[in-house]
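Q: Following this line is final-v8.txt, made up of compact mmCIF, C-alpha atoms:
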```txt
# COMPACT_ATOMS: atom_id res chain seq x y z
CA MET A 137 66.70 -21.87 -21.72
CA SER A 138 63.11 -22.82 -22.44
CA GLU A 139 61.80 -23.08 -26.00
CA ARG A 140 59.56 -20.11 -25.30
CA TYR A 141 62.54 -17.76 -24.94
CA LYS A 142 64.68 -18.56 -27.95
CA VAL A 143 65.38 -16.58 -31.08
CA LYS A 144 64.09 -18.97 -33.71
CA ASP A 145 63.96 -16.72 -36.76
CA GLN A 146 66.75 -14.19 -37.37
CA GLU A 147 64.54 -12.41 -39.92
CA GLU A 148 62.08 -11.34 -37.21
CA ASN A 149 62.26 -8.53 -34.66
CA TYR A 150 62.24 -9.23 -30.93
CA PHE A 151 61.36 -7.48 -27.71
CA ILE A 152 64.18 -8.24 -25.28
CA THR A 153 65.05 -7.37 -21.70
CA LEU A 154 68.53 -7.30 -20.19
CA THR A 155 68.45 -7.29 -16.40
CA VAL A 156 71.22 -6.58 -13.92
CA VAL A 157 71.66 -9.34 -11.32
CA LYS A 158 69.54 -8.85 -8.20
CA TRP A 159 67.93 -5.90 -10.01
CA ILE A 160 70.80 -3.70 -8.83
CA ASP A 161 70.40 -0.07 -9.88
CA ILE A 162 73.67 0.22 -11.79
CA PHE A 163 72.38 2.59 -14.49
CA THR A 164 71.91 5.48 -12.09
CA ARG A 165 75.31 6.90 -13.02
CA ASP A 166 76.31 8.27 -16.41
CA ARG A 167 79.55 6.25 -16.54
CA TYR A 168 77.62 2.96 -16.75
CA ILE A 169 74.96 4.32 -19.08
CA HIS A 170 77.68 5.50 -21.47
CA VAL A 171 79.27 2.04 -21.42
CA LEU A 172 75.96 0.51 -22.48
CA GLU A 173 75.11 3.15 -25.08
CA ASP A 174 78.59 3.01 -26.64
CA SER A 175 78.44 -0.79 -26.73
CA LEU A 176 75.02 -0.77 -28.37
CA ASN A 177 76.25 1.68 -31.00
CA HIS A 178 79.26 -0.57 -31.65
CA CYS A 179 76.98 -3.59 -32.12
CA ILE A 180 74.83 -1.54 -34.50
CA LYS A 181 77.79 -0.41 -36.61
CA GLU A 182 79.95 -3.53 -36.50
CA LYS A 183 77.68 -6.53 -35.87
CA GLY A 184 74.47 -5.70 -37.70
CA LEU A 185 72.26 -5.12 -34.66
CA ILE A 186 69.17 -3.06 -35.42
CA VAL A 187 67.61 -1.22 -32.48
CA TYR A 188 64.11 0.10 -33.16
CA ALA A 189 63.30 1.22 -29.63
CA TYR A 190 64.97 1.11 -26.24
CA VAL A 191 64.84 2.37 -22.69
CA ILE A 192 67.60 2.16 -20.12
CA MET A 193 66.12 1.92 -16.65
CA PRO A 194 68.22 1.83 -13.46
CA SER A 195 68.34 -1.98 -13.26
CA HIS A 196 67.33 -3.19 -16.70
CA VAL A 197 67.06 -2.40 -20.40
CA HIS A 198 64.15 -3.03 -22.77
CA MET A 199 64.67 -3.03 -26.53
CA ILE A 200 63.05 -4.02 -29.78
CA VAL A 201 65.82 -5.40 -31.96
CA GLY A 202 66.54 -7.18 -35.20
CA THR A 203 69.72 -8.04 -37.06
CA THR A 204 71.32 -7.89 -40.48
CA GLY A 205 74.51 -9.63 -39.41
CA LYS A 206 75.36 -12.11 -36.71
CA PRO A 207 72.57 -14.02 -34.94
CA ILE A 208 70.82 -12.01 -32.23
CA ASN A 209 71.83 -14.53 -29.56
CA ASP A 210 75.51 -14.04 -30.41
CA ILE A 211 75.28 -10.24 -30.49
CA ILE A 212 73.50 -10.04 -27.13
CA ARG A 213 75.92 -12.55 -25.57
CA ASP A 214 78.87 -10.45 -26.76
CA LEU A 215 77.20 -7.22 -25.66
CA LYS A 216 76.58 -8.53 -22.15
CA LYS A 217 80.10 -9.96 -21.85
CA PHE A 218 81.76 -6.75 -23.04
CA THR A 219 79.60 -4.40 -20.97
CA SER A 220 80.15 -6.54 -17.88
CA LYS A 221 83.90 -6.07 -18.17
CA LYS A 222 83.60 -2.34 -18.89
CA ILE A 223 81.19 -1.80 -15.99
CA ILE A 224 83.64 -3.49 -13.61
CA VAL A 225 86.41 -1.18 -14.88
CA ALA A 226 84.10 1.83 -14.38
CA ILE A 227 83.22 0.71 -10.85
CA ASN A 228 86.93 0.76 -10.02
CA GLU A 229 87.32 4.36 -11.21
CA PRO A 230 87.38 7.06 -8.50
CA GLY A 231 84.05 8.35 -7.22
CA GLU A 232 81.97 5.17 -6.92
CA SER A 233 80.68 5.15 -3.34
CA ARG A 234 79.19 1.67 -3.79
CA LYS A 235 82.42 0.11 -5.10
CA GLU A 236 82.97 -2.51 -2.38
CA TRP A 237 79.32 -3.55 -2.28
CA LEU A 238 78.96 -3.76 -6.08
CA LEU A 239 82.18 -5.71 -6.60
CA GLY A 240 81.39 -7.98 -3.65
CA THR A 241 77.90 -8.74 -4.95
CA PHE A 242 79.01 -9.31 -8.55
CA SER A 243 81.89 -11.51 -7.34
CA PHE A 244 79.66 -13.53 -5.00
CA LEU A 245 77.18 -14.20 -7.81
CA ALA A 246 80.00 -15.21 -10.18
CA ASP A 247 81.21 -17.76 -7.62
CA LYS A 248 77.74 -19.35 -7.69
CA SER A 249 77.74 -19.49 -11.49
CA LYS A 250 79.45 -22.07 -13.68
CA ARG A 251 79.84 -19.63 -16.58
CA HIS A 252 81.35 -16.61 -14.83
CA SER A 253 84.83 -16.49 -13.40
CA ASN A 254 85.24 -13.11 -11.67
CA TYR A 255 82.06 -11.03 -11.79
CA LYS A 256 78.49 -11.55 -12.90
CA VAL A 257 76.72 -8.30 -13.83
CA TRP A 258 73.80 -9.49 -15.99
CA GLN A 259 71.13 -12.09 -15.29
CA ASP A 260 71.24 -15.06 -17.65
CA GLY A 261 69.13 -14.84 -20.79
CA PHE A 262 67.27 -11.94 -22.34
CA HIS A 263 63.77 -13.39 -22.86
CA PRO A 264 63.24 -12.63 -26.56
CA LYS A 265 59.61 -12.27 -27.55
CA ILE A 266 58.93 -12.29 -31.27
CA MET A 267 57.28 -9.18 -32.69
CA ASP A 268 55.44 -10.87 -35.53
CA ARG A 269 52.25 -8.80 -35.39
CA VAL A 270 51.71 -5.05 -35.58
CA LYS A 271 49.65 -5.07 -32.37
CA LYS A 272 52.48 -6.79 -30.49
CA LEU A 273 54.98 -4.30 -31.86
CA GLU A 274 52.82 -1.30 -30.94
CA ALA A 275 52.26 -2.65 -27.43
CA ALA A 276 56.01 -3.21 -26.98
CA PHE A 277 56.82 0.33 -28.18
CA ASN A 278 54.29 1.80 -25.76
CA TYR A 279 55.56 -0.37 -22.90
CA ILE A 280 59.19 0.61 -23.53
CA HIS A 281 58.55 4.32 -23.78
CA TYR A 282 56.03 4.40 -20.91
CA ASN A 283 58.32 2.48 -18.51
CA PRO A 284 59.95 5.60 -16.94
CA ILE A 285 56.51 7.14 -16.35
CA GLU A 286 55.24 3.95 -14.74
CA ALA A 287 58.28 3.99 -12.45
CA GLY A 288 57.55 7.61 -11.50
CA TYR A 289 60.77 9.09 -12.92
CA VAL A 290 59.17 11.45 -15.44
CA LYS A 291 55.72 12.69 -16.45
CA GLU A 292 56.21 12.38 -20.21
CA GLU A 293 58.04 9.77 -22.27
CA ARG A 294 60.12 12.39 -24.11
CA HIS A 295 61.68 13.56 -20.83
CA TRP A 296 63.53 10.30 -20.16
CA ILE A 297 66.81 10.91 -21.99
CA HIS A 298 67.94 7.28 -21.91
CA SER A 299 65.26 6.18 -24.33
CA SER A 300 64.30 6.35 -27.97
CA ALA A 301 61.02 8.11 -27.11
CA SER A 302 62.08 11.63 -28.08
CA ALA A 303 63.38 10.37 -31.43
CA TYR A 304 59.84 9.21 -32.20
CA LEU A 305 57.77 11.85 -30.43
CA ASP A 306 59.80 14.97 -31.20
CA ASP A 307 61.63 13.74 -34.30
CA GLY A 308 64.74 14.22 -32.22
CA THR A 309 67.71 12.02 -31.63
CA SER A 310 68.76 9.45 -29.09
CA ASN A 311 72.14 8.38 -27.74
CA VAL A 312 71.74 5.00 -29.42
CA GLU A 313 71.59 5.00 -33.21
CA ILE A 314 68.10 3.61 -33.66
CA THR A 315 66.41 2.64 -36.88
CA LYS A 316 62.96 4.19 -36.84
CA TRP A 317 60.17 1.71 -37.28
CA TYR A 318 57.74 4.36 -38.51
```
Just give me the structure as structure tokens.
A:
Amino acid sequence: MSERYKVKDQEENYFITLTVVKWIDIFTRDRYIHVLEDSLNHCIKEKGLIVYAYVIMPSHVHMIVGTTGKPINDIIRDLKKFTSKKIIVAINEPGESRKEWLLGTFSFLADKSKRHSNYKVWQDGFHPKIMDRVKKLEAAFNYIHYNPIEAGYVKEERHWIHSSASAYLDDGTSNVEITKWY
């Protein structure tokens, strides 16, 4: 991992991106989204992860995070490892029409990797970018919440339910227990 993409200061907040291998659209089904949301909430409650903003897109996740517990690198590593296993279990449940293709692709990519034994769901790394200035933080918030509009899924940020946008715009809630920045 290059020096540019390392968490150097645990006291800072970071914009991060988790990407599914080959940009596969895994988060198009609720079963996989629930795995991720439940896992994020576990990391928030049990590991000290702080999530200020997030959006779950079909093939990737953007978040602004901090921590009060374990180092961010460790939390994200554990999150990716756990969700990988749970996603594979969910793929094997009845009703997944892409089962053979998904398992075959994730298995093939694991075979090419030195760190993965059976399946590789996530791309390596998470490209943390430090949010050490208000302008950077504001730009990251806007980018995260505007992502579903840019992709053409919705016309307003608040309409994408797998995001923290409505918690900020409508003073509503989100499926992930965010800590509001403002």
Q: I'd like the contact shell of segment 218-223 of chain A - 9 Å cut-off, all atoms listed in the file, skipping same-chain residues fewer than 3 positions apart - returned as an mmCIF file with C-alpha atoms, keeping the file's coordinate frame.
A:
```cif
data_model
loop_
_atom_site.group_PDB
_atom_site.id
_atom_site.type_symbol
_atom_site.label_atom_id
_atom_site.label_comp_id
_atom_site.auth_asym_id
_atom_site.auth_seq_id
_atom_site.Cartn_x
_atom_site.Cartn_y
_atom_site.Cartn_z
ATOM 1 C CA ILE A 162 73.670 0.220 -11.790
ATOM 2 C CA ARG A 167 79.550 6.250 -16.540
ATOM 3 C CA TYR A 168 77.620 2.960 -16.750
ATOM 4 C CA VAL A 171 79.270 2.040 -21.420
ATOM 5 C CA LEU A 172 75.960 0.510 -22.480
ATOM 6 C CA SER A 175 78.440 -0.790 -26.730
ATOM 7 C CA ARG A 213 75.920 -12.550 -25.570
ATOM 8 C CA ASP A 214 78.870 -10.450 -26.760
ATOM 9 C CA LEU A 215 77.200 -7.220 -25.660
ATOM 10 C CA ALA A 226 84.100 1.830 -14.380
ATOM 11 C CA ILE A 227 83.220 0.710 -10.850
ATOM 12 C CA ASN A 228 86.930 0.760 -10.020
ATOM 13 C CA TYR A 255 82.060 -11.030 -11.790
ATOM 14 C CA LYS A 256 78.490 -11.550 -12.900
ATOM 15 C CA VAL A 257 76.720 -8.300 -13.830
ATOM 16 C CA TRP A 258 73.800 -9.490 -15.990
#
```
Q: Find the axis-aligned box for segment 239-249 of chain A, covering all its listed atoms and adding 6 Å on each side, and write its centre and edge lengths in Å to one decimal as JSON.
A:
```
{"center_x": 79.7, "center_y": -12.6, "center_z": -7.6, "size_x": 17.0, "size_y": 25.8, "size_z": 19.8}
```
Q: Can you work out the spacing between atom CA of Arg165 of chain A and atom CA of Glu313 of chain A in Å, to one decimal?
A: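 Between atom CA of Arg165 of chain A and atom CA of Glu313 of chain A the gap is 20.6 Å.
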Q: Between atom CA of Thr203 of chain A and atom CA of Tyr188 of chain A, what is the distance in Å, rounded to a tenth?
A: 10.6 Å
Q: Find the residue from A:Lys316, A:Arg269, A:Arg294, A:Lys158 that sits nearest to Ser195 of chain A; use all atoms listed in the file when measuring.
A: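 Using all atoms listed in the file, Ser195 of chain A sits closest to A:Lys158.
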Q: Ranking A:Ser249, A:Ser299, A:Gln146, A:Asn311 by minimum distance to Phe277 of chain A and counting only C-alpha atoms, which one comes first?
A: A:Ser299
Q: When you draw a straight line from atom CA of Lys181 of chain A to atom CA of Val312 of chain A, how long is it in Å?
A: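 We find that atom CA of Lys181 of chain A and atom CA of Val312 of chain A lie 10.8 Å from each other.
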Q: Quick one: residues within 9 Å of Lys183 of chain A, only C-alpha atoms counted, chain neighbours fewer than 5 positions away excluded, as a PyMOL selection string?
A: chain A and resi 178+203-206+211
Q: Need the shell around Met267 of chain A: protein/DNA/RNA residues with any atom at most 7 Å away, counting all atoms listed in the file. Skip same-chain ones fewer than 3 positions apart. Format as a PDB file with C-alpha atoms, keeping the file's coordinate frame?
A:
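part14.pdb was written with the following content:
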```
ATOM      1  CA  GLU A 148      62.080 -11.340 -37.210  1.00  0.00           C
ATOM      2  CA  ASN A 149      62.260  -8.530 -34.660  1.00  0.00           C
ATOM      3  CA  TYR A 150      62.240  -9.230 -30.930  1.00  0.00           C
ATOM      4  CA  PHE A 151      61.360  -7.480 -27.710  1.00  0.00           C
ATOM      5  CA  LYS A 272      52.480  -6.790 -30.490  1.00  0.00           C
ATOM      6  CA  LEU A 273      54.980  -4.300 -31.860  1.00  0.00           C
TER       7      LEU A 273
END
```
Q: When you count only C-alpha atoms, which of these residues is closest to Trp296 of chain A: A:Ala246, A:Ile280, A:Leu154, A:Ile266?
A: A:Ile280
Q: Ranking A:Val197, A:Lys265, A:Glu292, A:Gln259 by minimum distance to Asp306 of chain A and counting only C-alpha atoms, which one comes first?
A: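 Among the listed residues, the smallest separation from Asp306 of chain A belongs to A:Glu292.
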Q: Can you sort out segment 181-192 of chain A so it carries N, CA, C and O atoms, written as a compact mmCIF listing (two decimals), in the frame of the given file?
A:
```txt
# COMPACT_ATOMS: atom_id res chain seq x y z
N LYS A 181 76.88 -0.71 -35.50
CA LYS A 181 77.79 -0.41 -36.61
C LYS A 181 78.57 -1.63 -37.09
O LYS A 181 78.78 -1.81 -38.29
N GLU A 182 79.00 -2.47 -36.16
CA GLU A 182 79.95 -3.53 -36.50
C GLU A 182 79.35 -4.93 -36.58
O GLU A 182 79.94 -5.81 -37.20
N LYS A 183 78.21 -5.17 -35.94
CA LYS A 183 77.68 -6.53 -35.87
C LYS A 183 76.32 -6.69 -36.52
O LYS A 183 75.77 -7.79 -36.54
N GLY A 184 75.75 -5.60 -37.01
CA GLY A 184 74.47 -5.70 -37.70
C GLY A 184 73.25 -5.67 -36.81
O GLY A 184 72.15 -5.98 -37.25
N LEU A 185 73.42 -5.26 -35.54
CA LEU A 185 72.26 -5.12 -34.66
C LEU A 185 71.41 -3.95 -35.13
O LEU A 185 71.93 -2.90 -35.50
N ILE A 186 70.12 -4.14 -35.13
CA ILE A 186 69.17 -3.06 -35.42
C ILE A 186 68.37 -2.82 -34.14
O ILE A 186 67.78 -3.75 -33.60
N VAL A 187 68.39 -1.59 -33.67
CA VAL A 187 67.61 -1.22 -32.48
C VAL A 187 66.51 -0.27 -32.95
O VAL A 187 66.78 0.80 -33.47
N TYR A 188 65.27 -0.71 -32.77
CA TYR A 188 64.11 0.10 -33.16
C TYR A 188 63.62 0.98 -32.02
O TYR A 188 63.12 2.07 -32.24
N ALA A 189 63.72 0.47 -30.81
CA ALA A 189 63.30 1.22 -29.63
C ALA A 189 64.06 0.67 -28.43
O ALA A 189 64.43 -0.51 -28.41
N TYR A 190 64.29 1.56 -27.45
CA TYR A 190 64.97 1.11 -26.24
C TYR A 190 64.65 2.06 -25.09
O TYR A 190 64.23 3.20 -25.29
N VAL A 191 64.85 1.56 -23.89
CA VAL A 191 64.84 2.37 -22.69
C VAL A 191 65.84 1.75 -21.72
O VAL A 191 65.88 0.53 -21.55
N ILE A 192 66.66 2.61 -21.16
CA ILE A 192 67.60 2.16 -20.12
C ILE A 192 67.02 2.62 -18.79
O ILE A 192 66.93 3.82 -18.51
```
